[in-house]
$ cat my_file.txt   # compact mmCIF, N, CA, C and O atoms
# COMPACT_ATOMS: atom_id res chain seq x y z
N MET I 1 75.93 100.74 121.41
CA MET I 1 76.07 101.90 120.54
C MET I 1 77.20 101.63 119.54
O MET I 1 78.16 100.93 119.83
N LEU I 2 77.10 102.24 118.40
CA LEU I 2 78.07 102.03 117.33
C LEU I 2 79.46 102.52 117.70
O LEU I 2 80.46 101.90 117.34
N LEU I 3 79.57 103.60 118.46
CA LEU I 3 80.88 104.12 118.82
C LEU I 3 81.66 103.11 119.66
O LEU I 3 82.84 102.87 119.42
N GLU I 4 81.02 102.51 120.65
CA GLU I 4 81.71 101.52 121.48
C GLU I 4 82.16 100.32 120.65
O GLU I 4 83.25 99.79 120.85
N ARG I 5 81.30 99.91 119.73
CA ARG I 5 81.66 98.79 118.87
C ARG I 5 82.85 99.15 117.98
O ARG I 5 83.77 98.35 117.81
N THR I 6 82.84 100.34 117.43
CA THR I 6 83.94 100.80 116.59
C THR I 6 85.24 100.83 117.38
O THR I 6 86.27 100.33 116.91
N ILE I 7 85.20 101.37 118.58
CA ILE I 7 86.41 101.44 119.41
C ILE I 7 86.91 100.05 119.74
O ILE I 7 88.11 99.77 119.65
N SER I 8 86.01 99.14 120.10
CA SER I 8 86.45 97.78 120.44
C SER I 8 87.02 97.05 119.22
O SER I 8 87.95 96.25 119.35
N GLN I 9 86.50 97.34 118.04
CA GLN I 9 87.06 96.73 116.82
C GLN I 9 88.44 97.29 116.50
O GLN I 9 89.28 96.59 115.94
N LEU I 10 88.67 98.54 116.85
CA LEU I 10 89.96 99.17 116.57
C LEU I 10 91.01 98.83 117.63
O LEU I 10 92.20 98.84 117.34
N ASP I 11 90.59 98.56 118.83
CA ASP I 11 91.50 98.32 119.95
C ASP I 11 91.99 96.88 119.93
O ASP I 11 91.62 96.06 120.76
N THR I 12 92.85 96.57 118.95
CA THR I 12 93.32 95.20 118.77
C THR I 12 94.76 95.02 119.21
O THR I 12 95.32 93.95 119.00
N GLY I 13 95.35 96.02 119.80
CA GLY I 13 96.72 95.90 120.26
C GLY I 13 97.73 96.30 119.20
O GLY I 13 97.39 96.95 118.21
N PRO I 14 98.99 95.90 119.39
CA PRO I 14 100.06 96.31 118.47
C PRO I 14 99.85 95.76 117.07
O PRO I 14 99.40 94.63 116.89
N MET I 15 100.18 96.58 116.09
CA MET I 15 100.14 96.18 114.68
C MET I 15 101.03 97.13 113.90
O MET I 15 101.37 98.20 114.41
N PRO I 16 101.40 96.78 112.68
CA PRO I 16 102.22 97.68 111.86
C PRO I 16 101.51 99.02 111.64
O PRO I 16 100.27 99.06 111.50
N PRO I 17 102.24 100.13 111.62
CA PRO I 17 101.63 101.45 111.49
C PRO I 17 100.75 101.63 110.25
O PRO I 17 99.69 102.26 110.35
N ASP I 18 101.15 101.10 109.10
CA ASP I 18 100.32 101.28 107.91
C ASP I 18 99.00 100.53 108.03
O ASP I 18 97.95 101.02 107.61
N GLU I 19 99.03 99.36 108.62
CA GLU I 19 97.80 98.59 108.84
C GLU I 19 96.91 99.30 109.86
O GLU I 19 95.68 99.34 109.71
N ALA I 20 97.51 99.88 110.89
CA ALA I 20 96.74 100.62 111.90
C ALA I 20 96.07 101.84 111.28
O ALA I 20 94.91 102.16 111.59
N TRP I 21 96.79 102.53 110.39
CA TRP I 21 96.21 103.72 109.74
C TRP I 21 95.01 103.31 108.88
O TRP I 21 93.98 103.98 108.91
N GLN I 22 95.15 102.22 108.14
CA GLN I 22 94.03 101.75 107.31
C GLN I 22 92.83 101.37 108.18
O GLN I 22 91.69 101.70 107.86
N LEU I 23 93.09 100.69 109.28
CA LEU I 23 92.02 100.28 110.18
C LEU I 23 91.36 101.50 110.83
O LEU I 23 90.14 101.56 110.97
N GLY I 24 92.17 102.50 111.20
CA GLY I 24 91.63 103.74 111.76
C GLY I 24 90.73 104.47 110.78
O GLY I 24 89.69 105.02 111.15
N GLN I 25 91.12 104.47 109.50
CA GLN I 25 90.29 105.10 108.47
C GLN I 25 88.96 104.37 108.33
O GLN I 25 87.91 105.00 108.22
N LEU I 26 89.03 103.04 108.33
CA LEU I 26 87.78 102.26 108.22
C LEU I 26 86.88 102.50 109.43
O LEU I 26 85.66 102.60 109.29
N GLY I 27 87.49 102.60 110.61
CA GLY I 27 86.71 102.90 111.81
C GLY I 27 86.03 104.26 111.73
O GLY I 27 84.87 104.41 112.10
N TYR I 28 86.76 105.24 111.21
CA TYR I 28 86.18 106.58 111.06
C TYR I 28 84.99 106.54 110.09
O TYR I 28 83.94 107.12 110.35
N MET I 29 85.18 105.85 108.96
CA MET I 29 84.10 105.77 107.97
C MET I 29 82.88 105.02 108.54
O MET I 29 81.74 105.39 108.28
N GLN I 30 83.14 103.98 109.34
CA GLN I 30 82.04 103.25 109.97
C GLN I 30 81.29 104.15 110.95
O GLN I 30 80.07 104.19 110.96
N TRP I 31 82.05 104.89 111.77
CA TRP I 31 81.43 105.80 112.74
C TRP I 31 80.63 106.88 112.01
O TRP I 31 79.50 107.18 112.38
N LEU I 32 81.22 107.45 110.96
CA LEU I 32 80.56 108.51 110.20
C LEU I 32 79.26 108.01 109.56
O LEU I 32 78.24 108.69 109.59
N ALA I 33 79.28 106.80 109.00
CA ALA I 33 78.09 106.24 108.36
C ALA I 33 76.98 105.96 109.38
O ALA I 33 75.80 105.96 109.02
N GLY I 34 77.35 105.76 110.63
CA GLY I 34 76.35 105.47 111.66
C GLY I 34 75.75 106.70 112.32
O GLY I 34 74.86 106.56 113.17
N LEU I 35 76.23 107.89 111.97
CA LEU I 35 75.66 109.09 112.58
C LEU I 35 74.24 109.32 112.08
O LEU I 35 73.97 109.20 110.88
N PRO I 36 73.33 109.66 112.99
CA PRO I 36 71.97 109.95 112.53
C PRO I 36 71.92 111.28 111.78
O PRO I 36 72.75 112.16 111.98
N GLY I 37 70.94 111.42 110.90
CA GLY I 37 70.77 112.65 110.15
C GLY I 37 70.43 113.81 111.07
O GLY I 37 69.77 113.65 112.09
N GLY I 38 70.91 114.97 110.75
CA GLY I 38 70.59 116.17 111.51
C GLY I 38 71.40 116.35 112.77
O GLY I 38 71.16 117.28 113.55
N VAL I 39 72.37 115.50 113.01
CA VAL I 39 73.19 115.61 114.22
C VAL I 39 74.22 116.72 114.03
O VAL I 39 74.65 117.01 112.91
N ASP I 40 74.60 117.37 115.12
CA ASP I 40 75.66 118.38 115.09
C ASP I 40 76.98 117.62 114.96
O ASP I 40 77.46 117.00 115.91
N TYR I 41 77.57 117.67 113.76
CA TYR I 41 78.75 116.86 113.49
C TYR I 41 79.90 117.19 114.43
O TYR I 41 80.53 116.29 114.99
N ARG I 42 80.21 118.45 114.59
CA ARG I 42 81.37 118.83 115.42
C ARG I 42 81.20 118.32 116.84
O ARG I 42 82.13 117.78 117.43
N HIS I 43 80.01 118.45 117.40
CA HIS I 43 79.74 117.96 118.75
C HIS I 43 79.91 116.44 118.81
O HIS I 43 80.53 115.91 119.74
N ALA I 44 79.38 115.74 117.82
CA ALA I 44 79.49 114.28 117.79
C ALA I 44 80.94 113.84 117.64
O ALA I 44 81.38 112.88 118.29
N ALA I 45 81.73 114.54 116.81
CA ALA I 45 83.13 114.18 116.61
C ALA I 45 83.94 114.42 117.88
O ALA I 45 84.77 113.59 118.25
N LEU I 46 83.70 115.53 118.55
CA LEU I 46 84.44 115.80 119.79
C LEU I 46 84.05 114.83 120.89
O LEU I 46 84.90 114.41 121.69
N GLU I 47 82.78 114.44 120.95
CA GLU I 47 82.35 113.44 121.93
C GLU I 47 82.99 112.08 121.64
O GLU I 47 83.49 111.41 122.55
N ALA I 48 83.01 111.68 120.38
CA ALA I 48 83.64 110.41 120.00
C ALA I 48 85.14 110.46 120.30
O ALA I 48 85.71 109.47 120.79
N TYR I 49 85.76 111.58 120.04
CA TYR I 49 87.19 111.74 120.32
C TYR I 49 87.45 111.56 121.81
O TYR I 49 88.37 110.84 122.21
N ALA I 50 86.65 112.22 122.64
CA ALA I 50 86.83 112.13 124.09
C ALA I 50 86.64 110.70 124.60
O ALA I 50 87.34 110.27 125.52
N ARG I 51 85.73 109.97 124.01
CA ARG I 51 85.47 108.60 124.45
C ARG I 51 86.50 107.62 123.92
O ARG I 51 86.76 106.59 124.55
N ALA I 52 87.11 107.90 122.78
CA ALA I 52 88.11 106.99 122.21
C ALA I 52 89.52 107.28 122.70
O ALA I 52 90.37 106.37 122.71
N LEU I 53 89.79 108.49 123.12
CA LEU I 53 91.14 108.91 123.51
C LEU I 53 91.78 108.01 124.57
O LEU I 53 92.97 107.68 124.44
N PRO I 54 91.07 107.56 125.60
CA PRO I 54 91.72 106.69 126.60
C PRO I 54 92.28 105.38 126.02
O PRO I 54 93.19 104.79 126.59
N PHE I 55 91.77 104.94 124.89
CA PHE I 55 92.23 103.70 124.27
C PHE I 55 93.37 103.92 123.28
O PHE I 55 93.97 102.96 122.81
N SER I 56 93.67 105.18 122.95
CA SER I 56 94.66 105.47 121.92
C SER I 56 96.08 105.11 122.35
O SER I 56 96.93 104.87 121.50
N GLY I 57 96.34 105.03 123.63
CA GLY I 57 97.67 104.66 124.10
C GLY I 57 97.98 103.19 123.90
O GLY I 57 99.14 102.79 123.88
N HIS I 58 96.94 102.37 123.73
CA HIS I 58 97.12 100.93 123.58
C HIS I 58 97.05 100.47 122.14
O HIS I 58 97.40 99.33 121.85
N SER I 59 96.54 101.32 121.26
CA SER I 59 96.28 100.88 119.89
C SER I 59 96.55 102.01 118.90
O SER I 59 95.99 103.11 119.02
N LEU I 60 97.41 101.73 117.93
CA LEU I 60 97.67 102.72 116.88
C LEU I 60 96.45 102.97 116.01
O LEU I 60 96.27 104.06 115.48
N ALA I 61 95.58 101.96 115.87
CA ALA I 61 94.37 102.14 115.07
C ALA I 61 93.42 103.12 115.75
O ALA I 61 92.81 103.97 115.08
N VAL I 62 93.28 103.04 117.06
CA VAL I 62 92.44 104.00 117.79
C VAL I 62 93.07 105.38 117.72
O VAL I 62 92.37 106.38 117.58
N GLU I 63 94.39 105.44 117.78
CA GLU I 63 95.09 106.71 117.65
C GLU I 63 94.81 107.35 116.29
O GLU I 63 94.57 108.57 116.19
N ALA I 64 94.83 106.56 115.23
CA ALA I 64 94.51 107.06 113.89
C ALA I 64 93.07 107.55 113.83
O ALA I 64 92.78 108.61 113.24
N PHE I 65 92.15 106.79 114.42
CA PHE I 65 90.74 107.17 114.48
C PHE I 65 90.60 108.52 115.19
O PHE I 65 89.91 109.42 114.70
N CYS I 66 91.29 108.67 116.32
CA CYS I 66 91.23 109.93 117.06
C CYS I 66 91.79 111.09 116.26
O CYS I 66 91.24 112.20 116.29
N SER I 67 92.88 110.86 115.54
CA SER I 67 93.46 111.96 114.76
C SER I 67 92.53 112.39 113.63
O SER I 67 92.44 113.59 113.32
N LEU I 68 91.81 111.45 113.03
CA LEU I 68 90.83 111.81 111.99
C LEU I 68 89.67 112.59 112.60
O LEU I 68 89.19 113.56 112.00
N LEU I 69 89.20 112.16 113.75
CA LEU I 69 88.11 112.89 114.42
C LEU I 69 88.53 114.31 114.75
O LEU I 69 87.79 115.27 114.50
N GLN I 70 89.73 114.45 115.31
CA GLN I 70 90.20 115.78 115.69
C GLN I 70 90.41 116.67 114.46
O GLN I 70 90.02 117.84 114.47
N ALA I 71 91.00 116.12 113.42
CA ALA I 71 91.22 116.91 112.20
C ALA I 71 89.91 117.36 111.59
O ALA I 71 89.79 118.50 111.12
N SER I 72 88.91 116.49 111.59
CA SER I 72 87.62 116.86 110.99
C SER I 72 86.88 117.88 111.84
O SER I 72 86.14 118.71 111.31
N ALA I 73 87.05 117.84 113.15
CA ALA I 73 86.39 118.81 114.03
C ALA I 73 87.09 120.17 113.97
O ALA I 73 86.43 121.21 114.01
N ASP I 74 88.42 120.15 113.87
CA ASP I 74 89.17 121.40 113.83
C ASP I 74 89.04 122.13 112.50
O ASP I 74 88.99 123.36 112.47
N ASN I 75 89.02 121.39 111.40
CA ASN I 75 88.94 121.98 110.05
C ASN I 75 87.86 121.26 109.25
O ASN I 75 88.18 120.42 108.41
N PRO I 76 86.60 121.57 109.48
CA PRO I 76 85.52 120.80 108.86
C PRO I 76 85.46 120.89 107.34
O PRO I 76 84.88 120.01 106.71
N LEU I 77 86.06 121.88 106.73
CA LEU I 77 85.99 122.02 105.28
C LEU I 77 87.24 121.51 104.58
O LEU I 77 87.40 121.67 103.37
N THR I 78 88.14 120.87 105.32
CA THR I 78 89.36 120.32 104.75
C THR I 78 89.15 118.84 104.44
O THR I 78 88.55 118.11 105.22
N LEU I 79 89.67 118.40 103.29
CA LEU I 79 89.56 116.99 102.93
C LEU I 79 90.40 116.14 103.86
O LEU I 79 91.52 116.50 104.21
N LEU I 80 89.85 115.00 104.26
CA LEU I 80 90.58 114.06 105.09
C LEU I 80 91.25 113.02 104.21
O LEU I 80 90.73 112.66 103.16
N PRO I 81 92.40 112.49 104.64
CA PRO I 81 93.09 111.47 103.85
C PRO I 81 92.45 110.10 104.05
O PRO I 81 92.96 109.25 104.77
N LEU I 82 91.31 109.87 103.43
CA LEU I 82 90.59 108.61 103.59
C LEU I 82 90.71 107.78 102.32
O LEU I 82 90.61 108.31 101.22
N ALA I 83 90.91 106.49 102.50
CA ALA I 83 90.97 105.57 101.37
C ALA I 83 90.63 104.18 101.86
O ALA I 83 90.94 103.82 103.00
N LEU I 84 89.99 103.41 101.00
CA LEU I 84 89.76 102.01 101.33
C LEU I 84 91.05 101.24 101.10
O LEU I 84 91.82 101.57 100.20
N PRO I 85 91.32 100.22 101.91
CA PRO I 85 92.54 99.44 101.68
C PRO I 85 92.47 98.71 100.36
O PRO I 85 91.39 98.37 99.88
N PRO I 86 93.62 98.47 99.75
CA PRO I 86 93.62 97.76 98.45
C PRO I 86 93.12 96.32 98.62
O PRO I 86 93.34 95.70 99.66
N ASN I 87 92.45 95.82 97.60
CA ASN I 87 91.99 94.44 97.63
C ASN I 87 93.19 93.53 97.44
O ASN I 87 93.95 93.68 96.48
N ARG I 88 93.36 92.61 98.37
CA ARG I 88 94.44 91.64 98.26
C ARG I 88 94.16 90.49 99.22
O ARG I 88 93.44 90.65 100.19
N ARG I 89 94.75 89.38 98.92
CA ARG I 89 94.64 88.24 99.82
C ARG I 89 95.59 88.48 100.98
O ARG I 89 96.72 88.88 100.79
N ARG I 90 95.11 88.24 102.17
CA ARG I 90 95.91 88.53 103.35
C ARG I 90 96.41 87.29 104.08
O ARG I 90 97.16 87.40 105.02
N GLY I 91 95.94 86.12 103.72
CA GLY I 91 96.45 84.91 104.33
C GLY I 91 95.67 84.41 105.53
O GLY I 91 96.05 83.45 106.16
N GLY I 92 94.59 85.09 105.88
CA GLY I 92 93.74 84.61 106.97
C GLY I 92 94.35 84.76 108.34
O GLY I 92 95.26 85.55 108.58
N ALA I 93 93.84 83.98 109.28
CA ALA I 93 94.24 84.08 110.68
C ALA I 93 95.71 83.75 110.88
O ALA I 93 96.40 84.38 111.69
N ALA I 94 96.23 82.77 110.16
CA ALA I 94 97.64 82.40 110.32
C ALA I 94 98.56 83.56 109.96
O ALA I 94 99.55 83.82 110.65
N ALA I 95 98.24 84.29 108.90
CA ALA I 95 99.06 85.43 108.51
C ALA I 95 98.95 86.56 109.53
O ALA I 95 99.95 87.23 109.82
N ARG I 96 97.77 86.79 110.08
CA ARG I 96 97.61 87.83 111.09
C ARG I 96 98.42 87.50 112.34
O ARG I 96 99.06 88.37 112.92
N ARG I 97 98.41 86.24 112.74
CA ARG I 97 99.20 85.83 113.92
C ARG I 97 100.69 85.99 113.64
O ARG I 97 101.45 86.41 114.52
N ALA I 98 101.12 85.70 112.44
CA ALA I 98 102.53 85.82 112.09
C ALA I 98 102.98 87.28 112.04
O ALA I 98 104.14 87.58 112.32
N ARG I 99 102.07 88.20 111.69
CA ARG I 99 102.42 89.63 111.59
C ARG I 99 102.37 90.34 112.93
O ARG I 99 102.82 91.46 113.04
N ARG I 100 101.78 89.73 113.95
CA ARG I 100 101.66 90.40 115.26
C ARG I 100 103.02 90.83 115.76
O ARG I 100 103.99 90.09 115.69
N LEU I 101 103.06 92.02 116.30
CA LEU I 101 104.30 92.51 116.88
C LEU I 101 104.42 91.98 118.31
O LEU I 101 103.42 91.86 119.01
N PRO I 102 105.62 91.70 118.77
CA PRO I 102 105.77 91.23 120.15
C PRO I 102 105.42 92.35 121.13
O PRO I 102 105.65 93.51 120.85
N LEU I 103 104.86 91.97 122.24
CA LEU I 103 104.49 92.96 123.26
C LEU I 103 105.68 93.41 123.99
O LEU I 103 106.51 93.75 124.28
$ encode --input "my_file.txt" --output "structure tokens"
Amino acid sequence: MLLERTISQLDTGPMPPDEAWQLGQLGYMQWLAGLPGGVDYRHAALEAYARALPFSGHSLAVEAFCSLLQASADNPLTLLPLALPPNRRRGGAAARRARRLPL
């Protein structure tokens, strides 16, 4: 299922807060795009929140995903702070390893 895949993609461990927020936003947009038509959004958001919440203690990106789900379920007519990350070169795997925070 798409929700499990989204959670596993977000559950990458420690990372800088701004990067985690961007990843959480992308996860939310991926989950939202995968919802079937005619689904009860609030029910789907609360179910996704309940399933992702146990992983939020290990990953700031999952925590950001959960906060977006909760905000959208609590206030469905309020705009969410969603944005695509800026286009930039990131340096590949070597740069990601260098940015990792120590456990």
$ residues_around --input "my_file.txt" --residues "I:Arg51" --least-positions-apart "4" --cutoff "8 Å" --atoms "all atoms listed in the file" --output "short mmCIF file (atom, residue, chain, number, x, y, z; two decimals) with N, CA, C and O atoms, in the frame of the given file"
data_model
loop_
_atom_site.label_atom_id
_atom_site.label_comp_id
_atom_site.auth_asym_id
_atom_site.auth_seq_id
_atom_site.Cartn_x
_atom_site.Cartn_y
_atom_site.Cartn_z
N LEU I 3 79.57 103.60 118.46
CA LEU I 3 80.88 104.12 118.82
C LEU I 3 81.66 103.11 119.66
O LEU I 3 82.84 102.87 119.42
N GLU I 4 81.02 102.51 120.65
CA GLU I 4 81.71 101.52 121.48
C GLU I 4 82.16 100.32 120.65
O GLU I 4 83.25 99.79 120.85
N ILE I 7 85.20 101.37 118.58
CA ILE I 7 86.41 101.44 119.41
C ILE I 7 86.91 100.05 119.74
O ILE I 7 88.11 99.77 119.65
N ALA I 44 79.38 115.74 117.82
CA ALA I 44 79.49 114.28 117.79
C ALA I 44 80.94 113.84 117.64
O ALA I 44 81.38 112.88 118.29
N ALA I 45 81.73 114.54 116.81
CA ALA I 45 83.13 114.18 116.61
C ALA I 45 83.94 114.42 117.88
O ALA I 45 84.77 113.59 118.25
N LEU I 46 83.70 115.53 118.55
CA LEU I 46 84.44 115.80 119.79
C LEU I 46 84.05 114.83 120.89
O LEU I 46 84.90 114.41 121.69
N GLU I 47 82.78 114.44 120.95
CA GLU I 47 82.35 113.44 121.93
C GLU I 47 82.99 112.08 121.64
O GLU I 47 83.49 111.41 122.55
N PHE I 55 91.77 104.94 124.89
CA PHE I 55 92.23 103.70 124.27
C PHE I 55 93.37 103.92 123.28
O PHE I 55 93.97 102.96 122.81
N SER I 56 93.67 105.18 122.95
CA SER I 56 94.66 105.47 121.92
C SER I 56 96.08 105.11 122.35
O SER I 56 96.93 104.87 121.50
#
$ atom_distance --input "my_file.txt" --atom1 "atom O of I:Asp18" --atom2 "atom O of I:Leu82"
12.2 Å
$ select_by_dssp --input "my_file.txt" --residues "stretch 9-97 of chain I" --states "alpha helix (DSSP H)" --output "PyMOL selection string"
chain I and resi 9-10+17-33+41-52+60-74+92-97
$ closest_residue --input "my_file.txt" --among "I:Ala71, I:Leu10, I:Ala61, I:Ala52" --to "I:Gly24" --atoms "all atoms listed in the file"
I:Ala61
$ atom_distance --input "my_file.txt" --atom1 "atom C of I:Leu68" --atom2 "atom C of I:Asn87"
24.6 Å
$ atom_distance --input "my_file.txt" --atom1 "atom CA of I:Arg5" --atom2 "atom CA of I:Trp31"
9.3 Å
$ decode --input "my_file.txt" --residues "stretch 34-49 of chain I" --atoms "N, CA and C atoms" --output "short mmCIF file (atom, residue, chain, number, x, y, z; two decimals), in the first residue's frame"
data_model
loop_
_atom_site.label_atom_id
_atom_site.label_comp_id
_atom_site.auth_asym_id
_atom_site.auth_seq_id
_atom_site.Cartn_x
_atom_site.Cartn_y
_atom_site.Cartn_z
N GLY I 34 -2.09 9.74 -3.93
CA GLY I 34 -2.44 8.33 -4.04
C GLY I 34 -3.82 7.98 -3.51
N LEU I 35 -4.53 8.95 -2.95
CA LEU I 35 -5.87 8.65 -2.44
C LEU I 35 -6.83 8.39 -3.59
N PRO I 36 -7.65 7.36 -3.47
CA PRO I 36 -8.63 7.12 -4.53
C PRO I 36 -9.73 8.17 -4.51
N GLY I 37 -10.35 8.40 -5.65
CA GLY I 37 -11.44 9.36 -5.74
C GLY I 37 -12.64 8.92 -4.91
N GLY I 38 -13.32 9.86 -4.33
CA GLY I 38 -14.53 9.57 -3.57
C GLY I 38 -14.27 9.09 -2.16
N VAL I 39 -13.04 9.07 -1.71
CA VAL I 39 -12.72 8.61 -0.36
C VAL I 39 -13.07 9.71 0.64
N ASP I 40 -13.45 9.32 1.85
CA ASP I 40 -13.69 10.27 2.93
C ASP I 40 -12.32 10.76 3.41
N TYR I 41 -11.98 12.00 3.05
CA TYR I 41 -10.64 12.51 3.31
C TYR I 41 -10.31 12.50 4.80
N ARG I 42 -11.20 13.02 5.62
CA ARG I 42 -10.91 13.12 7.05
C ARG I 42 -10.64 11.75 7.65
N HIS I 43 -11.42 10.77 7.28
CA HIS I 43 -11.23 9.40 7.77
C HIS I 43 -9.87 8.86 7.30
N ALA I 44 -9.54 9.08 6.04
CA ALA I 44 -8.27 8.60 5.50
C ALA I 44 -7.09 9.29 6.17
N ALA I 45 -7.20 10.60 6.44
CA ALA I 45 -6.12 11.34 7.08
C ALA I 45 -5.92 10.87 8.52
N LEU I 46 -7.00 10.65 9.25
CA LEU I 46 -6.87 10.19 10.62
C LEU I 46 -6.32 8.77 10.68
N GLU I 47 -6.70 7.92 9.73
CA GLU I 47 -6.15 6.57 9.68
C GLU I 47 -4.66 6.60 9.36
N ALA I 48 -4.26 7.43 8.40
CA ALA I 48 -2.84 7.56 8.05
C ALA I 48 -2.06 8.11 9.24
N TYR I 49 -2.63 9.07 9.94
CA TYR I 49 -1.98 9.64 11.12
C TYR I 49 -1.75 8.56 12.17
#
